[in-house]
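Below is the file query-v3.tsv, which contains TSV, C-alpha atoms.
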chain	number	residue	atom	x	y	z
A	276	MET	CA	-1.48	-16.80	4.10
A	277	ARG	CA	-1.75	-13.28	5.52
A	278	VAL	CA	-4.88	-11.38	4.49
A	279	GLY	CA	-5.33	-7.71	5.27
A	280	SER	CA	-7.55	-4.81	4.27
A	281	PHE	CA	-6.62	-1.90	2.01
A	282	VAL	CA	-8.13	1.39	3.16
A	283	LEU	CA	-8.28	4.43	0.89
A	284	ALA	CA	-10.76	6.53	2.90
A	285	ALA	CA	-12.56	6.91	-0.43
A	286	GLN	CA	-15.07	9.74	-0.73
A	287	PHE	CA	-18.08	8.48	-2.69
A	288	PRO	CA	-20.50	10.89	-4.41
A	289	GLY	CA	-22.71	12.69	-1.90
A	290	GLN	CA	-20.38	11.99	1.03
A	291	GLY	CA	-18.25	14.41	3.02
A	292	GLU	CA	-14.60	13.90	3.89
A	293	GLY	CA	-15.45	13.27	7.54
A	294	GLU	CA	-17.77	10.41	6.59
A	295	ALA	CA	-15.06	8.82	4.44
A	296	LEU	CA	-12.47	9.10	7.21
A	297	HIS	CA	-14.85	7.72	9.84
A	298	ARG	CA	-15.56	4.71	7.63
A	299	ALA	CA	-11.80	4.22	7.19
A	300	VAL	CA	-11.17	4.18	10.93
A	301	ARG	CA	-14.11	1.90	11.68
A	302	SER	CA	-13.17	-0.54	8.93
A	303	ALA	CA	-9.66	-0.77	10.39
A	304	GLU	CA	-11.01	-1.46	13.86
A	305	ALA	CA	-13.33	-4.06	12.35
A	306	ALA	CA	-10.36	-5.68	10.62
A	307	GLU	CA	-8.70	-6.34	13.96
A	308	GLU	CA	-11.95	-7.69	15.39
A	309	ALA	CA	-12.30	-10.00	12.37
A	310	GLY	CA	-8.79	-11.44	12.75
A	311	LEU	CA	-7.21	-9.90	9.65
A	312	ASP	CA	-3.43	-9.63	9.52
A	313	THR	CA	-2.80	-6.02	8.45
A	314	VAL	CA	-4.56	-2.75	7.66
A	315	TRP	CA	-2.88	-0.99	4.73
A	316	LEU	CA	-3.48	2.77	4.46
A	317	ALA	CA	-3.35	4.81	1.26
A	318	GLU	CA	-2.25	8.44	0.97
A	319	HIS	CA	-3.55	11.07	-1.46
A	320	HIS	CA	-3.61	14.85	-1.69
A	321	PHE	CA	-6.33	17.21	-2.94
A	322	VAL	CA	-8.59	14.51	-4.43
A	323	PRO	CA	-11.68	12.59	-3.25
A	324	TYR	CA	-10.17	9.34	-4.58
A	325	GLY	CA	-8.71	9.09	-1.08
A	326	THR	CA	-9.15	11.61	1.72
A	327	CYS	CA	-6.19	10.57	3.89
A	328	PRO	CA	-3.29	13.00	3.21
A	329	SER	CA	-0.87	11.30	5.61
A	330	ALA	CA	-0.88	7.52	5.85
A	331	VAL	CA	1.72	7.56	8.62
A	332	THR	CA	-0.44	9.89	10.75
A	333	LEU	CA	-3.51	7.71	10.34
A	334	ALA	CA	-1.32	4.67	11.09
A	335	ALA	CA	-0.34	6.27	14.40
A	336	LEU	CA	-3.99	6.71	15.36
A	337	LEU	CA	-4.89	3.14	14.46
A	338	LEU	CA	-1.87	1.64	16.20
A	339	GLY	CA	-3.02	3.41	19.33
A	340	ARG	CA	-6.57	2.09	18.96
A	341	THR	CA	-5.60	-1.52	18.26
A	342	ARG	CA	-3.58	-4.15	20.09
A	343	ARG	CA	-2.81	-7.00	17.66
A	344	ILE	CA	-3.18	-6.10	14.01
A	345	ARG	CA	-0.31	-4.73	11.95
A	346	VAL	CA	-0.73	-1.34	10.30
A	347	GLY	CA	1.09	-0.41	7.10
A	348	THR	CA	1.22	2.49	4.66
A	349	ALA	CA	0.33	1.73	1.05
A	350	VAL	CA	1.92	3.98	0.42
A	351	SER	CA	3.70	6.97	1.89
A	352	VAL	CA	4.65	9.04	-1.15
A	353	LEU	CA	8.41	9.48	-0.93
A	354	PRO	CA	9.06	12.29	-3.47
A	355	THR	CA	6.90	14.75	-1.52
A	356	THR	CA	8.47	14.14	1.88
A	357	HIS	CA	11.97	14.12	3.33
A	358	PRO	CA	13.19	10.53	3.77
A	359	VAL	CA	14.76	11.34	7.15
A	360	ALA	CA	11.51	12.81	8.47
A	361	LEU	CA	9.64	9.72	7.27
A	362	GLY	CA	12.29	7.43	8.71
A	363	GLU	CA	12.03	9.11	12.11
A	364	GLN	CA	8.25	8.71	12.08
A	365	ALA	CA	8.57	5.05	11.09
A	366	ALA	CA	11.04	4.38	13.88
A	367	LEU	CA	8.79	6.09	16.41
A	368	LEU	CA	5.77	4.01	15.37
A	369	HIS	CA	7.85	0.84	15.27
A	370	HIS	CA	9.02	1.23	18.85
A	371	THR	CA	5.76	2.48	20.36
A	372	SER	CA	3.64	-0.24	18.70
A	373	ASP	CA	5.88	-3.18	19.65
A	374	GLY	CA	6.89	-3.66	16.04
A	375	ARG	CA	3.41	-3.65	14.44
A	376	PHE	CA	4.17	-0.96	11.84
A	377	THR	CA	5.13	-1.55	8.19
A	378	LEU	CA	6.33	1.34	6.05
A	379	GLY	CA	5.30	1.09	2.42
A	380	VAL	CA	6.67	3.75	0.08
A	381	GLY	CA	6.09	4.64	-3.54
A	382	ARG	CA	6.89	7.18	-6.24
A	383	GLY	CA	3.36	8.54	-6.54
A	384	GLY	CA	2.45	10.37	-9.73
A	385	PRO	CA	3.28	13.58	-11.64
A	386	TRP	CA	0.63	15.46	-9.70
A	387	VAL	CA	0.35	19.05	-8.49
A	388	ASP	CA	1.43	17.73	-5.08
A	389	LEU	CA	5.02	18.13	-6.32
A	390	GLU	CA	4.43	21.85	-6.79
A	391	VAL	CA	2.58	22.41	-3.55
A	392	PHE	CA	5.20	20.68	-1.40
A	393	GLY	CA	8.11	22.21	-3.31
A	394	ALA	CA	9.61	18.92	-4.45
A	395	GLY	CA	9.44	19.61	-8.17
A	396	LEU	CA	9.04	17.22	-11.08
A	397	ASP	CA	12.63	15.95	-10.83
A	398	ALA	CA	11.84	14.43	-7.42
A	399	TYR	CA	9.26	12.23	-9.17
A	400	GLU	CA	11.10	11.53	-12.42
A	401	LYS	CA	14.68	11.11	-11.16
A	402	GLY	CA	14.89	11.43	-7.39
A	403	PHE	CA	13.13	8.33	-6.07
A	404	PRO	CA	16.21	6.05	-5.91
A	405	GLU	CA	18.18	8.65	-3.96
A	406	SER	CA	15.31	9.22	-1.53
A	407	LEU	CA	14.85	5.49	-1.06
A	408	ASP	CA	18.54	4.95	-0.34
A	409	VAL	CA	18.58	7.68	2.32
A	410	LEU	CA	15.50	6.12	3.91
A	411	VAL	CA	16.97	2.60	3.85
A	412	ARG	CA	20.16	3.81	5.51
A	413	TRP	CA	18.17	5.70	8.13
A	414	LEU	CA	16.29	2.53	9.05
A	415	ARG	CA	19.45	0.40	9.24
A	416	ASP	CA	22.42	2.52	10.38
A	417	ALA	CA	23.42	4.25	13.61
A	418	SER	CA	24.23	7.53	11.86
A	419	VAL	CA	23.62	8.91	8.38
A	420	ALA	CA	25.08	11.57	6.10
A	421	ALA	CA	24.09	12.45	2.55
A	422	ASP	CA	25.93	13.96	-0.42
A	423	GLY	CA	23.54	13.45	-3.30
A	424	GLU	CA	21.85	15.64	-5.89
A	425	ARG	CA	18.77	16.28	-3.76
A	426	PHE	CA	19.88	15.60	-0.18
A	427	ARG	CA	23.11	16.89	1.35
A	428	PHE	CA	23.71	16.99	5.08
A	429	ARG	CA	26.45	16.26	7.60
A	430	GLU	CA	26.47	13.00	9.53
A	431	VAL	CA	23.85	12.92	12.26
A	432	PRO	CA	22.86	10.23	14.76
A	433	VAL	CA	19.67	8.25	14.15
A	434	VAL	CA	17.36	8.81	17.12
A	435	PRO	CA	15.45	6.69	17.92
A	436	ARG	CA	17.35	3.83	16.33
A	437	PRO	CA	14.86	1.68	14.37
A	438	SER	CA	17.18	-1.31	14.61
A	439	GLU	CA	19.40	-1.98	17.63
A	440	ALA	CA	21.94	-4.80	17.41
A	441	LEU	CA	22.67	-4.82	21.13
A	442	THR	CA	19.06	-5.52	22.05
A	443	GLU	CA	18.33	-7.55	18.88
A	444	VAL	CA	15.49	-5.17	17.99
A	445	GLU	CA	14.87	-5.24	14.25
A	446	GLY	CA	13.72	-2.13	12.45
A	447	PRO	CA	10.33	-1.67	10.76
A	448	GLU	CA	9.56	-3.61	7.64
A	449	LEU	CA	9.96	-1.58	4.44
A	450	VAL	CA	8.12	-2.42	1.20
A	451	VAL	CA	8.10	-0.64	-2.16
A	452	ALA	CA	5.16	-0.14	-4.53
A	453	CYS	CA	6.25	-1.46	-7.93
A	454	THR	CA	4.49	-0.72	-11.22
A	455	SER	CA	7.29	-1.09	-13.78
A	456	PRO	CA	10.39	-3.18	-14.49
A	457	ALA	CA	12.52	-0.25	-13.28
A	458	SER	CA	10.83	-0.13	-9.89
A	459	VAL	CA	11.00	-3.94	-9.58
A	460	ARG	CA	14.76	-3.76	-10.15
A	461	LEU	CA	15.09	-0.91	-7.64
A	462	ALA	CA	13.37	-2.97	-4.94
A	463	ALA	CA	15.25	-6.17	-5.77
A	464	GLU	CA	18.68	-4.56	-5.63
A	465	ARG	CA	17.93	-3.38	-2.11
A	466	GLY	CA	16.29	-6.62	-0.99
A	467	LEU	CA	12.92	-4.93	-0.39
A	468	ALA	CA	9.59	-6.68	-0.84
A	469	MET	CA	7.16	-5.36	-3.43
A	470	LEU	CA	3.60	-4.07	-3.13
A	471	LEU	CA	1.83	-4.86	-6.41
A	472	GLY	CA	-1.24	-2.93	-7.53
A	473	MET	CA	-4.82	-4.09	-7.87
A	474	HIS	CA	-4.98	-3.09	-11.55
A	475	VAL	CA	-2.87	-6.07	-12.68
A	476	GLY	CA	-3.74	-9.76	-12.67
A	477	ASP	CA	-1.97	-12.92	-11.59
A	478	GLU	CA	0.06	-13.42	-14.76
A	479	GLU	CA	1.65	-9.97	-14.63
A	480	LYS	CA	2.26	-10.21	-10.89
A	481	ALA	CA	3.95	-13.58	-11.35
A	482	GLU	CA	6.19	-12.03	-14.02
A	483	MET	CA	7.11	-9.18	-11.65
A	484	VAL	CA	7.98	-11.63	-8.86
A	485	ALA	CA	10.16	-13.61	-11.29
A	486	LEU	CA	11.87	-10.41	-12.44
A	487	TRP	CA	12.48	-9.37	-8.82
A	488	ARG	CA	14.14	-12.71	-8.09
A	489	GLN	CA	16.25	-12.45	-11.23
A	490	HIS	CA	17.57	-8.99	-10.31
A	491	ALA	CA	18.05	-9.96	-6.66
A	492	ARG	CA	20.19	-12.96	-7.65
A	493	ALA	CA	22.16	-10.89	-10.18
A	494	CYS	CA	23.19	-8.33	-7.59
A	495	GLY	CA	24.16	-10.97	-5.03
A	496	ARG	CA	21.31	-10.81	-2.53
A	497	PRO	CA	21.39	-13.80	-0.12
A	498	ALA	CA	19.43	-16.86	-1.25
A	499	GLU	CA	17.45	-17.03	2.00
A	500	GLU	CA	16.43	-13.40	1.55
A	501	ILE	CA	15.22	-14.05	-1.99
A	502	LEU	CA	13.23	-17.13	-1.01
A	503	GLY	CA	11.79	-15.42	2.07
A	504	ALA	CA	10.72	-12.17	0.41
A	505	SER	CA	7.15	-11.45	1.46
A	506	HIS	CA	5.58	-9.50	-1.39
A	507	VAL	CA	2.08	-8.02	-1.11
A	508	SER	CA	-0.74	-8.24	-3.67
A	509	ALA	CA	-3.37	-5.49	-3.62
A	510	GLY	CA	-6.90	-6.34	-4.72
A	511	VAL	CA	-10.60	-5.86	-4.13
A	512	CYS	CA	-12.85	-8.04	-1.98
A	513	GLN	CA	-16.63	-8.01	-1.83
A	514	ILE	CA	-18.51	-10.93	-0.29
A	515	ALA	CA	-22.13	-11.93	-0.84
A	516	ASP	CA	-24.17	-15.13	-0.92
A	517	ARG	CA	-24.18	-14.94	-4.72
A	518	ARG	CA	-21.39	-13.69	-6.96
A	519	VAL	CA	-23.79	-11.58	-8.99
A	520	ASP	CA	-24.84	-9.71	-5.84
A	521	ALA	CA	-21.26	-8.99	-4.82
A	522	ALA	CA	-20.39	-7.69	-8.28
A	523	GLU	CA	-23.58	-5.61	-8.42
A	524	THR	CA	-22.68	-3.91	-5.14
A	525	LEU	CA	-19.38	-2.74	-6.59
A	526	ILE	CA	-20.71	-1.86	-10.03
A	527	LYS	CA	-23.38	0.36	-8.46
A	528	ALA	CA	-20.99	2.25	-6.20
A	529	MET	CA	-17.42	2.24	-7.48
A	530	PRO	CA	-17.75	3.92	-10.92
A	531	GLY	CA	-19.13	7.11	-9.36
A	532	TRP	CA	-16.26	7.24	-6.87
A	533	LEU	CA	-13.66	6.41	-9.52
A	534	LYS	CA	-15.00	9.04	-11.92
A	535	GLN	CA	-14.92	11.93	-9.49
A	536	GLY	CA	-11.75	10.71	-7.81
A	537	LEU	CA	-9.65	10.10	-10.90
A	538	GLU	CA	-10.88	13.23	-12.70
A	539	ALA	CA	-9.72	15.37	-9.76
A	540	HIS	CA	-6.03	14.53	-10.29
A	541	VAL	CA	-4.14	17.51	-11.76
A	542	THR	CA	-0.71	17.06	-13.35
A	543	VAL	CA	2.09	19.34	-12.22
A	544	ASP	CA	3.28	20.16	-15.75
A	545	GLY	CA	0.00	20.14	-17.70
A	546	ARG	CA	0.75	16.83	-19.43
A	547	THR	CA	-2.28	15.07	-20.85
A	548	ARG	CA	-3.42	11.94	-19.09
A	549	ARG	CA	-5.77	9.17	-20.11
A	550	MET	CA	-8.29	8.23	-17.45
A	551	ARG	CA	-9.60	4.69	-17.16
A	552	ASP	CA	-13.26	4.15	-17.94
A	553	PRO	CA	-14.76	3.85	-14.43
A	554	LEU	CA	-17.31	1.15	-15.27
A	555	ALA	CA	-14.88	-0.95	-17.32
A	556	TYR	CA	-12.28	-0.65	-14.57
A	557	THR	CA	-14.76	-1.77	-11.93
A	558	GLU	CA	-15.74	-4.76	-14.05
A	559	LEU	CA	-12.04	-5.60	-14.55
A	560	LEU	CA	-11.46	-5.54	-10.78
A	561	CYS	CA	-14.49	-7.79	-10.20
A	562	GLY	CA	-13.00	-10.29	-12.61
A	563	LEU	CA	-9.48	-10.23	-11.19
A	564	HIS	CA	-10.14	-10.38	-7.47
A	565	PRO	CA	-12.15	-12.16	-4.73
A	566	VAL	CA	-15.62	-10.83	-5.48
A	567	GLY	CA	-18.40	-13.32	-4.80
A	568	THR	CA	-19.27	-16.05	-2.32
A	569	PRO	CA	-16.94	-16.89	0.57
A	570	ARG	CA	-15.92	-20.10	-1.19
A	571	LEU	CA	-15.14	-18.27	-4.44
A	572	CYS	CA	-13.17	-15.61	-2.58
A	573	ALA	CA	-11.09	-18.22	-0.75
A	574	ASP	CA	-10.45	-20.12	-3.98
A	575	ARG	CA	-9.40	-16.96	-5.80
A	576	LEU	CA	-6.97	-15.93	-3.08
A	577	ALA	CA	-5.49	-19.43	-3.00
A	578	ALA	CA	-5.17	-19.47	-6.79
A	579	THR	CA	-3.43	-16.08	-6.85
A	580	SER	CA	-1.02	-17.24	-4.18
A	581	GLU	CA	-0.23	-20.43	-6.10
A	582	ARG	CA	0.25	-18.64	-9.42
A	583	THR	CA	2.34	-15.75	-8.13
A	584	GLY	CA	4.08	-17.07	-5.03
A	585	ILE	CA	2.61	-14.15	-3.06
A	586	SER	CA	1.08	-14.98	0.31
A	587	ARG	CA	0.14	-11.51	1.59
A	588	PHE	CA	-2.92	-9.59	0.44
A	589	ALA	CA	-4.20	-6.03	0.86
A	590	LEU	CA	-7.87	-6.10	-0.09
A	591	LEU	CA	-10.03	-3.04	-0.71
A	592	VAL	CA	-13.11	-3.70	1.42
A	593	GLU	CA	-14.90	-0.33	1.18
A	594	GLY	CA	-16.07	-0.65	-2.43
A	595	SER	CA	-19.74	-0.37	-1.44
A	596	GLY	CA	-19.14	3.12	-0.06
A	597	ASP	CA	-21.39	2.31	2.88
A	598	LEU	CA	-20.17	2.02	6.48
A	599	ALA	CA	-22.47	-0.80	7.59
A	600	ALA	CA	-21.85	-2.77	4.39
A	601	THR	CA	-18.08	-2.29	4.76
A	602	GLU	CA	-18.10	-3.54	8.34
A	603	GLU	CA	-20.17	-6.57	7.30
A	604	ASN	CA	-17.81	-7.23	4.40
A	605	VAL	CA	-14.82	-7.23	6.77
A	606	ARG	CA	-16.66	-9.44	9.26
A	607	ARG	CA	-17.45	-12.03	6.59
A	608	LEU	CA	-13.89	-11.93	5.27
A	609	GLY	CA	-12.65	-12.88	8.72
A	610	ALA	CA	-15.38	-15.34	9.66
A	611	GLU	CA	-16.12	-17.09	6.36
A	612	VAL	CA	-13.04	-16.72	4.11
A	613	LEU	CA	-10.01	-16.88	6.39
A	614	PRO	CA	-10.92	-20.27	7.91
A	615	GLN	CA	-10.91	-21.77	4.41
A	616	LEU	CA	-7.35	-20.55	3.86
A	617	ALA	CA	-5.89	-21.98	7.05

How does the structure come out when it is put into structure tokens?
Amino acid sequence: MRVGSFVLAAQFPGQGEGEALHRAVRSAEAAEEAGLDTVWLAEHHFVPYGTCPSAVTLAALLLGRTRRIRVGTAVSVLPTTHPVALGEQAALLHHTSDGRFTLGVGRGGPWVDLEVFGAGLDAYEKGFPESLDVLVRWLRDASVAADGERFRFREVPVVPRPSEALTEVEGPELVVACTSPASVRLAAERGLAMLLGMHVGDEEKAEMVALWRQHARACGRPAEEILGASHVSAGVCQIADRRVDAAETLIKAMPGWLKQGLEAHVTVDGRTRRMRDPLAYTELLCGLHPVGTPRLCADRLAATSERTGISRFALLVEGSGDLAATEENVRRLGAEVLPQLA
């Protein structure tokens, strides 16, 4: 089982952006010290829900500061960036980190980001498959051309090559955030592992894994690829000597962050959106994920793995909003939970 942390650089009420980013960097460094497998970095624009606007940039910093742990994006938002530019950055980080970088991509949301970056609503509603295909080819081929609706360019060489057959260097891992049957099918057809959100429980994640396998088989993906797909389950982790104390820590801190963070999202086309109730959402997360004693956390991770077939986890560890508490949470995850999963 491969357990990692999920870092949003969340800005809690009363905090500045610098404080949130410092906590994000320190929690990632602590994750390596604690023996975690991966640090997954979120990306958001113009909202305090997450203060990191470029997951790939923060990944570069952390790869330079660490020596063992993997660093992944969860996710780089594909509709607001050019897939070739992102592919070049991924290749650069892959080579300079000795293969420790994972590129996670997603569709994002219908936010004002699409206006600011000039992508437009079509890039979100229709353009994700085309962008993903350009990116996949960039990470696999020696040269790439495009003649699609959004991207058209003559054939150009891929430099640096993410994957080199002559030296048997494999390119960076690519995973796709999936929230719907359509996105599950998209990932399966391309043989790409899924990143599944923390808002859904084991039953729904198991259904999405089964659907991925069904689509992968239907389009002729190799059996060994289907069986070996390493999907990722996002969740929340808060450790305490009593479950009630762990839940209380999150219930005191997370609703304030969720309220100001979720309310700050602005749609690009003025469409109405229904925001989750922050307290109810926090309570839901406490019930779904490893929140409690080390033994409970280990049991919950093991149960999720057994029910879903997923063996990789990206766990939000900064739910207290406090730097010292976050570092202690990461330390306990490594020292008291991981040994029970070995």

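Our summary of the geometry notes that atom CA of Leu296 of chain A is positioned 13.4 Å from atom CA of Val322 of chain A.
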
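Across the model, the gap from atom CA of Leu613 of chain A to atom CA of Gly310 of chain A is 8.5 Å.
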
Skipping near chain neighbours, those fewer than 4 positions away, what residues fall within 10 Å of Ala610 of chain A using all atoms listed in the file, listed as a PDB file with C-alpha atoms, keeping the file's coordinate frame?
ATOM      1  CA  ALA A 309     -12.300 -10.000  12.370  1.00  0.00           C
ATOM      2  CA  GLY A 310      -8.790 -11.440  12.750  1.00  0.00           C
ATOM      3  CA  LEU A 311      -7.210  -9.900   9.650  1.00  0.00           C
ATOM      4  CA  PRO A 569     -16.940 -16.890   0.570  1.00  0.00           C
ATOM      5  CA  ASN A 604     -17.810  -7.230   4.400  1.00  0.00           C
ATOM      6  CA  VAL A 605     -14.820  -7.230   6.770  1.00  0.00           C
ATOM      7  CA  ARG A 606     -16.660  -9.440   9.260  1.00  0.00           C
ATOM      8  CA  PRO A 614     -10.920 -20.270   7.910  1.00  0.00           C
ATOM      9  CA  GLN A 615     -10.910 -21.770   4.410  1.00  0.00           C
TER      10      GLN A 615
END

Open item on the list: Please compute the atom CA of Ala485 of chain A-atom CA of Ala452 of chain A distance, one decimal, in Å.
Closed with: 15.9 Å

Task: Polymer residues at most 7 Å from segment 491-508 of chain A, only C-alpha atoms, same-chain spacing of 3 or more positions, as a PyMOL selection string - done: chain A and resi 463-464+466+468-472+487-488+585+587-589

- [ ] Name all residues at most 10 Å from segment 390-402 of chain A (count only C-alpha atoms; drop same-chain ones fewer than 2 positions away) and give them as a ChimeraX atom specification.
- [x] /A:320,352-357,381-388,404-407,423-426,542-544

Task: Which of A:Met276, A:Val411, A:Leu316, A:Ala617 sits closest to Val359 of chain A [using all atoms listed in the file] - done: A:Val411

Task: Surrounding residues of Val300 of chain A excluding itself and chain neighbours under 4 positions, 9 Å, all atoms listed in the file, as a PyMOL selection string - done: chain A and resi 282+284+295-296+304-305+333+336-337

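For the choices A:Leu368, A:Ala577, A:Pro323, A:Leu590, the atom-to-atom distance to Glu538 of chain A is smallest for A:Pro323 when using all atoms listed in the file.
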
- [ ] Name the closest residue to Arg460 of chain A among the candidates A:Gly545, A:Gly289, A:Asp408, A:Met483; distances are taken between atoms, counting all atoms listed in the file.
- [x] A:Met483

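Distance check against His540 of chain A using all atoms listed in the file: of A:Gly567, A:Gly510, A:Gly339, A:Gly325, the minimum falls on A:Gly325.
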
- [ ] Excluding Arg343 of chain A and residues on its chain fewer than 5 positions from it, collect all residues at most 12 Å away from it, counting all atoms listed in the file, and give them as a ChimeraX atom specification.
- [x] /A:303-304,306-314,337-338,372-376

Set up a box along x, y and z of the file covering all listed atoms of segment 526-536 of chain A, add 8 Å on every one of the six sides, and write the centre and edge lengths in Å to one decimal, as AutoDock Vina command-line options.
--center_x -17.6 --center_y 5.0 --center_z -9.1 --size_x 27.6 --size_y 29.8 --size_z 21.7

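Across A:Val450, A:Leu389, A:Val431, A:Val566, the tightest approach to Val519 of chain A is made by A:Val566 when counting all atoms listed in the file.
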